[in-house]
>>> print(open('input_14.cif').read())   # mmCIF, N, CA and C atoms
data_data
loop_
_atom_site.group_PDB
_atom_site.id
_atom_site.type_symbol
_atom_site.label_atom_id
_atom_site.label_comp_id
_atom_site.auth_asym_id
_atom_site.auth_seq_id
_atom_site.Cartn_x
_atom_site.Cartn_y
_atom_site.Cartn_z
ATOM 1 N N MET A 246 8.078 -43.055 -20.381
ATOM 2 C CA MET A 246 8.940 -41.975 -19.935
ATOM 3 C C MET A 246 8.561 -40.660 -20.614
ATOM 4 N N GLY A 247 8.276 -40.705 -21.933
ATOM 5 C CA GLY A 247 7.920 -39.507 -22.692
ATOM 6 C C GLY A 247 6.617 -38.899 -22.205
ATOM 7 N N HIS A 248 5.639 -39.765 -21.861
ATOM 8 C CA HIS A 248 4.338 -39.286 -21.378
ATOM 9 C C HIS A 248 4.503 -38.469 -20.100
ATOM 10 N N TYR A 249 5.363 -38.940 -19.208
ATOM 11 C CA TYR A 249 5.611 -38.246 -17.940
ATOM 12 C C TYR A 249 6.185 -36.847 -18.202
ATOM 13 N N ARG A 250 7.149 -36.743 -19.156
ATOM 14 C CA ARG A 250 7.770 -35.461 -19.455
ATOM 15 C C ARG A 250 6.743 -34.476 -20.028
ATOM 16 N N VAL A 251 5.879 -34.948 -20.904
ATOM 17 C CA VAL A 251 4.841 -34.096 -21.496
ATOM 18 C C VAL A 251 3.908 -33.582 -20.404
ATOM 19 N N LYS A 252 3.510 -34.497 -19.494
ATOM 20 C CA LYS A 252 2.617 -34.110 -18.393
ATOM 21 C C LYS A 252 3.291 -33.054 -17.521
ATOM 22 N N GLU A 253 4.580 -33.262 -17.238
ATOM 23 C CA GLU A 253 5.328 -32.311 -16.412
ATOM 24 C C GLU A 253 5.430 -30.946 -17.108
ATOM 25 N N GLU A 254 5.669 -30.951 -18.416
ATOM 26 C CA GLU A 254 5.744 -29.698 -19.173
ATOM 27 C C GLU A 254 4.400 -28.972 -19.162
ATOM 28 N N ASN A 255 3.320 -29.741 -19.298
ATOM 29 C CA ASN A 255 1.980 -29.136 -19.250
ATOM 30 C C ASN A 255 1.718 -28.499 -17.891
ATOM 31 N N LEU A 256 2.121 -29.194 -16.820
ATOM 32 C CA LEU A 256 1.940 -28.640 -15.477
ATOM 33 C C LEU A 256 2.731 -27.349 -15.317
ATOM 34 N N GLN A 257 3.964 -27.345 -15.835
ATOM 35 C CA GLN A 257 4.779 -26.126 -15.739
ATOM 36 C C GLN A 257 4.132 -24.986 -16.516
ATOM 37 N N ARG A 258 3.573 -25.314 -17.697
ATOM 38 C CA ARG A 258 2.920 -24.288 -18.508
ATOM 39 C C ARG A 258 1.713 -23.708 -17.763
ATOM 40 N N ILE A 259 0.944 -24.587 -17.117
ATOM 41 C CA ILE A 259 -0.227 -24.143 -16.347
ATOM 42 C C ILE A 259 0.217 -23.241 -15.192
ATOM 43 N N GLN A 260 1.284 -23.664 -14.495
ATOM 44 C CA GLN A 260 1.783 -22.845 -13.385
ATOM 45 C C GLN A 260 2.227 -21.471 -13.876
ATOM 46 N N LEU A 261 2.951 -21.431 -14.998
ATOM 47 C CA LEU A 261 3.368 -20.154 -15.561
ATOM 48 C C LEU A 261 2.159 -19.318 -15.943
ATOM 49 N N GLY A 262 1.179 -19.975 -16.571
ATOM 50 C CA GLY A 262 -0.038 -19.275 -16.968
ATOM 51 C C GLY A 262 -0.753 -18.664 -15.771
ATOM 52 N N LEU A 263 -0.863 -19.457 -14.704
ATOM 53 C CA LEU A 263 -1.522 -18.949 -13.495
ATOM 54 C C LEU A 263 -0.764 -17.761 -12.926
ATOM 55 N N ARG A 264 0.561 -17.866 -12.949
ATOM 56 C CA ARG A 264 1.371 -16.776 -12.422
ATOM 57 C C ARG A 264 1.130 -15.502 -13.229
ATOM 58 N N TYR A 265 1.129 -15.645 -14.563
ATOM 59 C CA TYR A 265 0.906 -14.462 -15.401
ATOM 60 C C TYR A 265 -0.511 -13.931 -15.273
ATOM 61 N N VAL A 266 -1.482 -14.834 -15.232
ATOM 62 C CA VAL A 266 -2.863 -14.394 -15.070
ATOM 63 C C VAL A 266 -3.019 -13.668 -13.740
ATOM 64 N N GLY A 267 -2.409 -14.212 -12.694
ATOM 65 C CA GLY A 267 -2.469 -13.557 -11.390
ATOM 66 C C GLY A 267 -1.928 -12.151 -11.435
ATOM 67 N N LEU A 268 -0.802 -11.983 -12.110
ATOM 68 C CA LEU A 268 -0.209 -10.651 -12.231
ATOM 69 C C LEU A 268 -1.112 -9.745 -13.050
ATOM 70 N N ASP A 269 -1.642 -10.283 -14.156
ATOM 71 C CA ASP A 269 -2.501 -9.472 -15.016
ATOM 72 C C ASP A 269 -3.758 -9.023 -14.291
ATOM 73 N N VAL A 270 -4.369 -9.933 -13.544
ATOM 74 C CA VAL A 270 -5.591 -9.588 -12.816
ATOM 75 C C VAL A 270 -5.284 -8.527 -11.759
ATOM 76 N N GLY A 271 -4.171 -8.704 -11.045
ATOM 77 C CA GLY A 271 -3.786 -7.713 -10.036
ATOM 78 C C GLY A 271 -3.532 -6.353 -10.659
ATOM 79 N N GLN A 272 -2.834 -6.340 -11.789
ATOM 80 C CA GLN A 272 -2.544 -5.075 -12.471
ATOM 81 C C GLN A 272 -3.838 -4.441 -12.983
ATOM 82 N N TYR A 273 -4.722 -5.265 -13.550
ATOM 83 C CA TYR A 273 -6.003 -4.774 -14.054
ATOM 84 C C TYR A 273 -6.816 -4.140 -12.910
ATOM 85 N N TYR A 274 -6.852 -4.821 -11.769
ATOM 86 C CA TYR A 274 -7.584 -4.334 -10.601
ATOM 87 C C TYR A 274 -7.021 -2.985 -10.157
ATOM 88 N N TRP A 275 -5.677 -2.888 -10.102
ATOM 89 C CA TRP A 275 -5.030 -1.647 -9.681
ATOM 90 C C TRP A 275 -5.350 -0.525 -10.654
ATOM 91 N N GLU A 276 -5.313 -0.814 -11.968
ATOM 92 C CA GLU A 276 -5.630 0.206 -12.973
ATOM 93 C C GLU A 276 -7.079 0.668 -12.826
ATOM 94 N N CYS A 277 -7.991 -0.270 -12.550
ATOM 95 C CA CYS A 277 -9.399 0.099 -12.315
ATOM 96 C C CYS A 277 -9.524 1.006 -11.098
ATOM 97 N N LEU A 278 -8.829 0.649 -10.028
ATOM 98 C CA LEU A 278 -8.864 1.480 -8.827
ATOM 99 C C LEU A 278 -8.358 2.890 -9.124
ATOM 100 N N LYS A 279 -7.291 2.978 -9.917
ATOM 101 C CA LYS A 279 -6.732 4.293 -10.246
ATOM 102 C C LYS A 279 -7.706 5.110 -11.092
ATOM 103 N N LEU A 280 -8.430 4.450 -11.987
ATOM 104 C CA LEU A 280 -9.422 5.156 -12.796
ATOM 105 C C LEU A 280 -10.544 5.714 -11.918
ATOM 106 N N VAL A 281 -11.038 4.875 -11.006
ATOM 107 C CA VAL A 281 -12.084 5.329 -10.084
ATOM 108 C C VAL A 281 -11.559 6.490 -9.244
ATOM 109 N N ALA A 282 -10.332 6.337 -8.763
ATOM 110 C CA ALA A 282 -9.736 7.376 -7.928
ATOM 111 C C ALA A 282 -9.599 8.671 -8.699
ATOM 112 N N ALA A 283 -9.215 8.581 -9.965
ATOM 113 C CA ALA A 283 -9.065 9.789 -10.781
ATOM 114 C C ALA A 283 -10.406 10.485 -10.940
ATOM 115 N N SER A 284 -11.467 9.704 -11.114
ATOM 116 C CA SER A 284 -12.791 10.314 -11.266
ATOM 117 C C SER A 284 -13.247 10.952 -9.956
ATOM 118 N N GLU A 285 -12.759 10.447 -8.843
ATOM 119 C CA GLU A 285 -13.106 11.023 -7.541
ATOM 120 C C GLU A 285 -12.017 11.967 -7.037
ATOM 121 N N GLU A 286 -11.002 12.195 -7.904
ATOM 122 C CA GLU A 286 -9.863 13.049 -7.573
ATOM 123 C C GLU A 286 -9.129 12.569 -6.313
ATOM 124 N N LEU A 287 -8.874 11.272 -6.261
ATOM 125 C CA LEU A 287 -8.128 10.683 -5.154
ATOM 126 C C LEU A 287 -6.717 10.356 -5.620
ATOM 127 N N SER A 288 -5.780 10.392 -4.692
ATOM 128 C CA SER A 288 -4.404 10.001 -5.024
ATOM 129 C C SER A 288 -4.245 8.499 -4.797
ATOM 130 N N GLU A 289 -3.110 7.957 -5.251
ATOM 131 C CA GLU A 289 -2.845 6.536 -5.002
ATOM 132 C C GLU A 289 -2.767 6.269 -3.499
ATOM 133 N N THR A 290 -2.266 7.238 -2.744
ATOM 134 C CA THR A 290 -2.203 7.103 -1.285
ATOM 135 C C THR A 290 -3.606 6.970 -0.706
ATOM 136 N N ASP A 291 -4.547 7.760 -1.234
ATOM 137 C CA ASP A 291 -5.935 7.669 -0.771
ATOM 138 C C ASP A 291 -6.513 6.284 -1.041
ATOM 139 N N ILE A 292 -6.196 5.734 -2.238
ATOM 140 C CA ILE A 292 -6.690 4.395 -2.583
ATOM 141 C C ILE A 292 -6.150 3.389 -1.577
ATOM 142 N N LEU A 293 -4.836 3.446 -1.332
ATOM 143 C CA LEU A 293 -4.222 2.493 -0.404
ATOM 144 C C LEU A 293 -4.801 2.636 0.991
ATOM 145 N N ARG A 294 -5.054 3.875 1.413
ATOM 146 C CA ARG A 294 -5.676 4.080 2.737
ATOM 147 C C ARG A 294 -7.037 3.416 2.813
ATOM 148 N N ARG A 295 -7.830 3.556 1.747
ATOM 149 C CA ARG A 295 -9.153 2.925 1.732
ATOM 150 C C ARG A 295 -9.042 1.409 1.806
ATOM 151 N N ILE A 296 -8.099 0.850 1.040
ATOM 152 C CA ILE A 296 -7.911 -0.602 1.045
ATOM 153 C C ILE A 296 -7.511 -1.070 2.436
ATOM 154 N N ILE A 297 -6.543 -0.374 3.037
ATOM 155 C CA ILE A 297 -6.062 -0.753 4.367
ATOM 156 C C ILE A 297 -7.170 -0.605 5.399
ATOM 157 N N ARG A 298 -7.944 0.478 5.277
ATOM 158 C CA ARG A 298 -9.044 0.695 6.228
ATOM 159 C C ARG A 298 -10.058 -0.438 6.146
ATOM 160 N N SER A 299 -10.449 -0.816 4.916
ATOM 161 C CA SER A 299 -11.442 -1.889 4.795
ATOM 162 C C SER A 299 -10.863 -3.225 5.266
ATOM 163 N N TRP A 300 -9.575 -3.449 4.995
ATOM 164 C CA TRP A 300 -8.933 -4.681 5.480
ATOM 165 C C TRP A 300 -8.870 -4.683 7.003
ATOM 166 N N SER A 301 -8.519 -3.541 7.592
ATOM 167 C CA SER A 301 -8.354 -3.495 9.040
ATOM 168 C C SER A 301 -9.672 -3.721 9.776
ATOM 169 N N GLU A 302 -10.782 -3.432 9.101
ATOM 170 C CA GLU A 302 -12.085 -3.677 9.725
ATOM 171 C C GLU A 302 -12.363 -5.162 9.907
ATOM 172 N N THR A 303 -11.590 -6.003 9.235
ATOM 173 C CA THR A 303 -11.773 -7.451 9.388
ATOM 174 C C THR A 303 -10.964 -8.008 10.559
ATOM 175 N N LEU A 304 -10.105 -7.185 11.157
ATOM 176 C CA LEU A 304 -9.254 -7.642 12.259
ATOM 177 C C LEU A 304 -10.039 -7.709 13.566
ATOM 178 N N PRO A 305 -9.591 -8.532 14.517
ATOM 179 C CA PRO A 305 -10.256 -8.594 15.823
ATOM 180 C C PRO A 305 -10.174 -7.241 16.539
ATOM 181 N N PRO A 306 -11.170 -6.898 17.345
ATOM 182 C CA PRO A 306 -11.205 -5.597 18.031
ATOM 183 C C PRO A 306 -9.944 -5.294 18.846
ATOM 184 N N ALA A 307 -9.385 -6.285 19.516
ATOM 185 C CA ALA A 307 -8.191 -6.049 20.341
ATOM 186 C C ALA A 307 -7.011 -5.610 19.474
ATOM 187 N N VAL A 308 -6.872 -6.218 18.315
ATOM 188 C CA VAL A 308 -5.784 -5.861 17.398
ATOM 189 C C VAL A 308 -6.004 -4.449 16.862
ATOM 190 N N ARG A 309 -7.256 -4.138 16.509
ATOM 191 C CA ARG A 309 -7.568 -2.785 16.007
ATOM 192 C C ARG A 309 -7.266 -1.728 17.060
ATOM 193 N N GLU A 310 -7.616 -2.016 18.313
ATOM 194 C CA GLU A 310 -7.377 -1.056 19.398
ATOM 195 C C GLU A 310 -5.880 -0.834 19.599
ATOM 196 N N LYS A 311 -5.114 -1.906 19.549
ATOM 197 C CA LYS A 311 -3.658 -1.802 19.690
ATOM 198 C C LYS A 311 -3.071 -0.971 18.539
ATOM 199 N N ALA A 312 -3.580 -1.194 17.338
ATOM 200 C CA ALA A 312 -3.102 -0.443 16.167
ATOM 201 C C ALA A 312 -3.460 1.040 16.304
ATOM 202 N N ARG A 313 -4.673 1.327 16.806
ATOM 203 C CA ARG A 313 -5.091 2.727 17.006
ATOM 204 C C ARG A 313 -4.170 3.421 18.004
ATOM 205 N N ALA A 314 -3.858 2.728 19.092
ATOM 206 C CA ALA A 314 -2.972 3.305 20.117
ATOM 207 C C ALA A 314 -1.587 3.573 19.530
ATOM 208 N N GLU A 315 -1.085 2.637 18.742
ATOM 209 C CA GLU A 315 0.227 2.806 18.119
ATOM 210 C C GLU A 315 0.212 3.961 17.119
ATOM 211 N N THR A 316 -0.875 4.090 16.368
ATOM 212 C CA THR A 316 -1.005 5.193 15.412
ATOM 213 C C THR A 316 -1.004 6.528 16.132
ATOM 214 N N THR A 317 -1.743 6.614 17.242
ATOM 215 C CA THR A 317 -1.792 7.848 18.031
ATOM 216 C C THR A 317 -0.406 8.201 18.554
ATOM 217 N N ARG A 318 0.311 7.194 19.050
ATOM 218 C CA ARG A 318 1.667 7.412 19.557
ATOM 219 C C ARG A 318 2.587 7.904 18.438
ATOM 220 N N LEU A 319 2.469 7.284 17.278
ATOM 221 C CA LEU A 319 3.307 7.650 16.140
ATOM 222 C C LEU A 319 3.003 9.069 15.659
ATOM 223 N N GLU A 320 1.732 9.424 15.596
ATOM 224 C CA GLU A 320 1.344 10.779 15.175
ATOM 225 C C GLU A 320 1.886 11.833 16.147
ATOM 226 N N ALA A 321 1.846 11.536 17.439
ATOM 227 C CA ALA A 321 2.386 12.464 18.438
ATOM 228 C C ALA A 321 3.889 12.625 18.246
ATOM 229 N N TRP A 322 4.576 11.530 17.989
ATOM 230 C CA TRP A 322 6.025 11.583 17.761
ATOM 231 C C TRP A 322 6.345 12.395 16.516
ATOM 232 N N LYS A 323 5.579 12.193 15.433
ATOM 233 C CA LYS A 323 5.810 12.944 14.195
ATOM 234 C C LYS A 323 5.599 14.443 14.419
ATOM 235 N N ALA A 324 4.564 14.792 15.171
ATOM 236 C CA ALA A 324 4.293 16.200 15.467
ATOM 237 C C ALA A 324 5.441 16.804 16.273
ATOM 238 N N GLN A 325 5.968 16.041 17.219
ATOM 239 C CA GLN A 325 7.087 16.498 18.054
ATOM 240 C C GLN A 325 8.328 16.740 17.189
ATOM 241 N N VAL A 326 8.620 15.819 16.270
ATOM 242 C CA VAL A 326 9.775 15.966 15.378
ATOM 243 C C VAL A 326 9.595 17.189 14.482
ATOM 244 N N LEU A 327 8.401 17.380 13.967
ATOM 245 C CA LEU A 327 8.117 18.527 13.107
ATOM 246 C C LEU A 327 8.312 19.837 13.864
ATOM 247 N N ARG A 328 7.812 19.888 15.108
ATOM 248 C CA ARG A 328 8.000 21.107 15.920
ATOM 249 C C ARG A 328 9.473 21.368 16.169
ATOM 250 N N ALA A 329 10.226 20.311 16.462
ATOM 251 C CA ALA A 329 11.659 20.451 16.723
ATOM 252 C C ALA A 329 12.375 20.984 15.483
ATOM 253 N N ARG A 330 11.978 20.507 14.310
ATOM 254 C CA ARG A 330 12.575 21.000 13.062
ATOM 255 C C ARG A 330 12.262 22.476 12.857
ATOM 256 N N GLN A 331 11.003 22.832 13.117
ATOM 257 C CA GLN A 331 10.603 24.235 12.944
ATOM 258 C C GLN A 331 11.342 25.137 13.926
ATOM 259 N N ASP A 332 11.524 24.658 15.154
ATOM 260 C CA ASP A 332 12.246 25.439 16.158
ATOM 261 C C ASP A 332 13.719 25.598 15.791
ATOM 262 N N ALA A 333 14.281 24.591 15.119
ATOM 263 C CA ALA A 333 15.694 24.615 14.751
ATOM 264 C C ALA A 333 15.953 25.478 13.522
ATOM 265 N N THR A 334 14.912 25.761 12.743
ATOM 266 C CA THR A 334 15.081 26.577 11.546
ATOM 267 C C THR A 334 15.252 28.032 11.962
ATOM 268 N N PRO A 335 16.390 28.646 11.585
ATOM 269 C CA PRO A 335 16.599 30.041 11.974
ATOM 270 C C PRO A 335 15.626 30.968 11.241
ATOM 271 N N LEU A 336 15.188 31.974 11.966
ATOM 272 C CA LEU A 336 14.296 32.966 11.368
ATOM 273 C C LEU A 336 15.079 33.821 10.396
ATOM 274 N N LYS A 337 14.446 34.172 9.285
ATOM 275 C CA LYS A 337 15.114 35.011 8.310
ATOM 276 C C LYS A 337 15.092 36.452 8.813
ATOM 277 N N TYR A 338 16.251 37.092 8.707
ATOM 278 C CA TYR A 338 16.364 38.490 9.136
ATOM 279 C C TYR A 338 15.911 39.387 7.992
ATOM 280 N N THR A 339 14.984 40.254 8.298
ATOM 281 C CA THR A 339 14.553 41.215 7.278
ATOM 282 C C THR A 339 14.912 42.608 7.758
ATOM 283 N N ALA A 340 15.627 43.323 6.933
ATOM 284 C CA ALA A 340 16.041 44.690 7.283
ATOM 285 C C ALA A 340 14.846 45.625 7.158
ATOM 286 N N SER A 341 14.719 46.506 8.101
ATOM 287 C CA SER A 341 13.582 47.432 8.071
ATOM 288 C C SER A 341 13.912 48.689 7.258
ATOM 289 N N HIS A 342 15.162 48.842 6.833
ATOM 290 C CA HIS A 342 15.540 50.028 6.040
ATOM 291 C C HIS A 342 15.448 49.729 4.589
#
>>> encode(input="input_14.cif", output="C-alpha coordinates")
Amino acid sequence: MGHYRVKEENLQRIQLGLRYVGLDVGQYYWECLKLVAASEELSETDILRRIIRSWSETLPPAVREKARAETTRLEAWKAQVLRARQDATPLKYTASH
(Lines of atoms letter the chains of each structure in order from A and count residues from 1; the text may use other names and numbers.)
(Lines give C-alpha, C1' and ligand atoms only; values in the text may rest on other atoms or scores of the structure.)
Protein backbone atom coordinates (compact mmCIF):
# COMPACT_ATOMS: atom_id res chain seq x y z
CA MET A 1 0.00 0.00 0.00
CA GLY A 2 2.84 2.42 0.91
CA HIS A 3 4.65 1.78 -2.40
CA TYR A 4 1.53 2.77 -4.35
CA ARG A 5 1.22 6.06 -2.41
CA VAL A 6 4.89 6.95 -3.03
CA LYS A 7 4.48 6.21 -6.75
CA GLU A 8 1.34 8.36 -6.86
CA GLU A 9 3.13 11.23 -5.07
CA ASN A 10 6.03 10.99 -7.52
CA LEU A 11 3.61 11.15 -10.45
CA GLN A 12 1.94 14.22 -8.95
CA ARG A 13 5.34 15.85 -8.44
CA ILE A 14 6.26 15.15 -12.09
CA GLN A 15 2.94 16.59 -13.27
CA LEU A 16 3.48 19.73 -11.18
CA GLY A 17 7.03 19.99 -12.48
CA LEU A 18 5.87 19.70 -16.08
CA ARG A 19 3.23 22.34 -15.47
CA TYR A 20 5.79 24.74 -14.01
CA VAL A 21 8.38 23.99 -16.67
CA GLY A 22 5.73 24.58 -19.33
CA LEU A 23 4.91 27.96 -17.85
CA ASP A 24 8.58 28.86 -17.47
CA VAL A 25 9.40 27.91 -21.05
CA GLY A 26 6.41 29.89 -22.35
CA GLN A 27 7.38 32.92 -20.27
CA TYR A 28 11.02 32.62 -21.36
CA TYR A 29 9.96 32.43 -25.02
CA TRP A 30 7.73 35.51 -24.62
CA GLU A 31 10.54 37.46 -22.92
CA CYS A 32 12.89 36.51 -25.79
CA LEU A 33 10.33 37.68 -28.33
CA LYS A 34 9.98 40.98 -26.48
CA LEU A 35 13.75 41.47 -26.46
CA VAL A 36 13.95 40.86 -30.21
CA ALA A 37 10.99 43.17 -30.73
CA ALA A 38 12.63 45.89 -28.67
CA SER A 39 15.77 45.67 -30.78
CA GLU A 40 13.61 45.98 -33.90
CA GLU A 41 11.43 48.64 -32.22
CA LEU A 42 8.30 46.49 -32.44
CA SER A 43 5.38 46.60 -30.03
CA GLU A 44 3.85 43.55 -28.36
CA THR A 45 0.97 43.92 -30.83
CA ASP A 46 3.46 43.65 -33.70
CA ILE A 47 4.88 40.45 -32.17
CA LEU A 48 1.41 38.94 -31.84
CA ARG A 49 0.57 39.92 -35.43
CA ARG A 50 3.70 38.15 -36.66
CA ILE A 51 2.87 35.03 -34.65
CA ILE A 52 -0.72 34.99 -35.92
CA ARG A 53 0.41 35.62 -39.49
CA SER A 54 2.87 32.72 -39.43
CA TRP A 55 0.27 30.47 -37.79
CA SER A 56 -2.40 31.45 -40.31
CA GLU A 57 -0.10 30.43 -43.15
CA THR A 58 -0.50 26.85 -41.95
CA LEU A 59 -4.29 26.95 -42.44
CA PRO A 60 -6.00 25.52 -45.54
CA PRO A 61 -6.45 28.06 -48.39
CA ALA A 62 -10.27 28.05 -48.10
CA VAL A 63 -10.08 28.99 -44.42
CA ARG A 64 -7.52 31.73 -45.13
CA GLU A 65 -9.73 33.17 -47.88
CA LYS A 66 -12.76 33.20 -45.58
CA ALA A 67 -10.70 34.93 -42.88
CA ARG A 68 -9.45 37.53 -45.41
CA ALA A 69 -13.03 38.28 -46.49
CA GLU A 70 -14.13 38.63 -42.87
CA THR A 71 -11.18 40.92 -42.11
CA THR A 72 -12.05 43.13 -45.10
CA ARG A 73 -15.68 43.30 -43.94
CA LEU A 74 -14.61 44.16 -40.40
CA GLU A 75 -12.19 46.88 -41.56
CA ALA A 76 -14.95 48.46 -43.67
CA TRP A 77 -17.29 48.43 -40.67
CA LYS A 78 -14.63 50.00 -38.42
CA ALA A 79 -14.01 52.75 -40.99
CA GLN A 80 -17.77 53.41 -41.20
CA VAL A 81 -18.04 53.68 -37.39
CA LEU A 82 -15.05 56.02 -37.26
CA ARG A 83 -16.56 58.27 -39.95
CA ALA A 84 -19.87 58.33 -38.09
CA ARG A 85 -18.07 59.36 -34.89
CA GLN A 86 -16.19 62.11 -36.71
CA ASP A 87 -19.42 63.36 -38.29
CA ALA A 88 -21.13 63.40 -34.89
CA THR A 89 -18.35 65.45 -33.28
CA PRO A 90 -19.40 69.11 -33.33
CA LEU A 91 -16.99 71.52 -34.93
CA LYS A 92 -15.36 73.94 -32.55
CA TYR A 93 -16.48 77.53 -33.06
CA THR A 94 -13.62 79.95 -33.38
CA ALA A 95 -14.37 83.65 -33.13
CA SER A 96 -12.79 85.74 -35.84
CA HIS A 97 -12.63 88.85 -33.60
>>> atom_distance(input="input_14.cif", atom1="atom CA of Thr316 of chain A", atom2="atom N of Leu293 of chain A")
17.3 Å
>>> atom_distance(input="input_14.cif", atom1="atom N of Trp322 of chain A", atom2="atom N of Ser299 of chain A")
23.4 Å
>>> atom_distance(input="input_14.cif", atom1="atom CA of Arg298 of chain A", atom2="atom C of Glu315 of chain A")
14.7 Å
>>> decode(input="input_14.cif", residues="segment 297-326 of chain A", atoms="N, CA and C atoms", output="short mmCIF file (atom, residue, chain, number, x, y, z; two decimals), in the first residue's frame")
data_model
loop_
_atom_site.label_atom_id
_atom_site.label_comp_id
_atom_site.auth_asym_id
_atom_site.auth_seq_id
_atom_site.Cartn_x
_atom_site.Cartn_y
_atom_site.Cartn_z
N ILE A 297 0.56 35.37 -35.31
CA ILE A 297 -0.72 34.99 -35.92
C ILE A 297 -0.57 34.82 -37.42
N ARG A 298 0.20 35.72 -38.04
CA ARG A 298 0.41 35.62 -39.49
C ARG A 298 1.10 34.31 -39.85
N SER A 299 2.17 33.96 -39.11
CA SER A 299 2.87 32.72 -39.43
C SER A 299 1.99 31.50 -39.15
N TRP A 300 1.19 31.58 -38.08
CA TRP A 300 0.27 30.47 -37.79
C TRP A 300 -0.79 30.35 -38.88
N SER A 301 -1.32 31.49 -39.32
CA SER A 301 -2.40 31.45 -40.31
C SER A 301 -1.93 30.89 -41.65
N GLU A 302 -0.63 31.00 -41.91
CA GLU A 302 -0.10 30.43 -43.15
C GLU A 302 -0.17 28.91 -43.17
N THR A 303 -0.38 28.31 -42.01
CA THR A 303 -0.50 26.85 -41.95
C THR A 303 -1.93 26.38 -42.19
N LEU A 304 -2.88 27.31 -42.26
CA LEU A 304 -4.29 26.95 -42.44
C LEU A 304 -4.58 26.61 -43.90
N PRO A 305 -5.62 25.83 -44.16
CA PRO A 305 -6.00 25.52 -45.54
C PRO A 305 -6.40 26.79 -46.30
N PRO A 306 -6.16 26.85 -47.60
CA PRO A 306 -6.45 28.06 -48.39
C PRO A 306 -7.90 28.55 -48.26
N ALA A 307 -8.86 27.64 -48.20
CA ALA A 307 -10.27 28.05 -48.10
C ALA A 307 -10.52 28.80 -46.79
N VAL A 308 -9.92 28.33 -45.72
CA VAL A 308 -10.08 28.99 -44.42
C VAL A 308 -9.42 30.36 -44.44
N ARG A 309 -8.22 30.43 -45.04
CA ARG A 309 -7.52 31.73 -45.13
C ARG A 309 -8.33 32.73 -45.94
N GLU A 310 -8.93 32.27 -47.04
CA GLU A 310 -9.73 33.17 -47.88
C GLU A 310 -10.95 33.68 -47.13
N LYS A 311 -11.60 32.80 -46.39
CA LYS A 311 -12.76 33.20 -45.58
C LYS A 311 -12.35 34.22 -44.52
N ALA A 312 -11.20 34.00 -43.91
CA ALA A 312 -10.70 34.93 -42.88
C ALA A 312 -10.37 36.29 -43.51
N ARG A 313 -9.78 36.27 -44.71
CA ARG A 313 -9.45 37.53 -45.41
C ARG A 313 -10.73 38.32 -45.70
N ALA A 314 -11.75 37.62 -46.17
CA ALA A 314 -13.03 38.28 -46.49
C ALA A 314 -13.64 38.88 -45.22
N GLU A 315 -13.59 38.14 -44.13
CA GLU A 315 -14.13 38.63 -42.87
C GLU A 315 -13.34 39.84 -42.36
N THR A 316 -12.02 39.80 -42.52
CA THR A 316 -11.18 40.92 -42.11
C THR A 316 -11.52 42.16 -42.92
N THR A 317 -11.69 42.00 -44.23
CA THR A 317 -12.05 43.13 -45.10
C THR A 317 -13.39 43.72 -44.67
N ARG A 318 -14.36 42.84 -44.39
CA ARG A 318 -15.68 43.30 -43.94
C ARG A 318 -15.57 44.06 -42.62
N LEU A 319 -14.77 43.53 -41.71
CA LEU A 319 -14.61 44.16 -40.40
C LEU A 319 -13.91 45.52 -40.52
N GLU A 320 -12.89 45.60 -41.36
CA GLU A 320 -12.19 46.88 -41.56
C GLU A 320 -13.12 47.94 -42.15
N ALA A 321 -13.98 47.53 -43.08
CA ALA A 321 -14.95 48.46 -43.67
C ALA A 321 -15.92 48.95 -42.60
N TRP A 322 -16.37 48.05 -41.75
CA TRP A 322 -17.29 48.43 -40.67
C TRP A 322 -16.62 49.39 -39.70
N LYS A 323 -15.35 49.12 -39.34
CA LYS A 323 -14.63 50.00 -38.42
C LYS A 323 -14.47 51.40 -39.03
N ALA A 324 -14.16 51.46 -40.31
CA ALA A 324 -14.01 52.75 -40.99
C ALA A 324 -15.33 53.51 -40.98
N GLN A 325 -16.43 52.80 -41.20
CA GLN A 325 -17.77 53.41 -41.20
C GLN A 325 -18.09 53.98 -39.81
N VAL A 326 -17.79 53.22 -38.76
CA VAL A 326 -18.04 53.68 -37.39
C VAL A 326 -17.19 54.91 -37.08
#
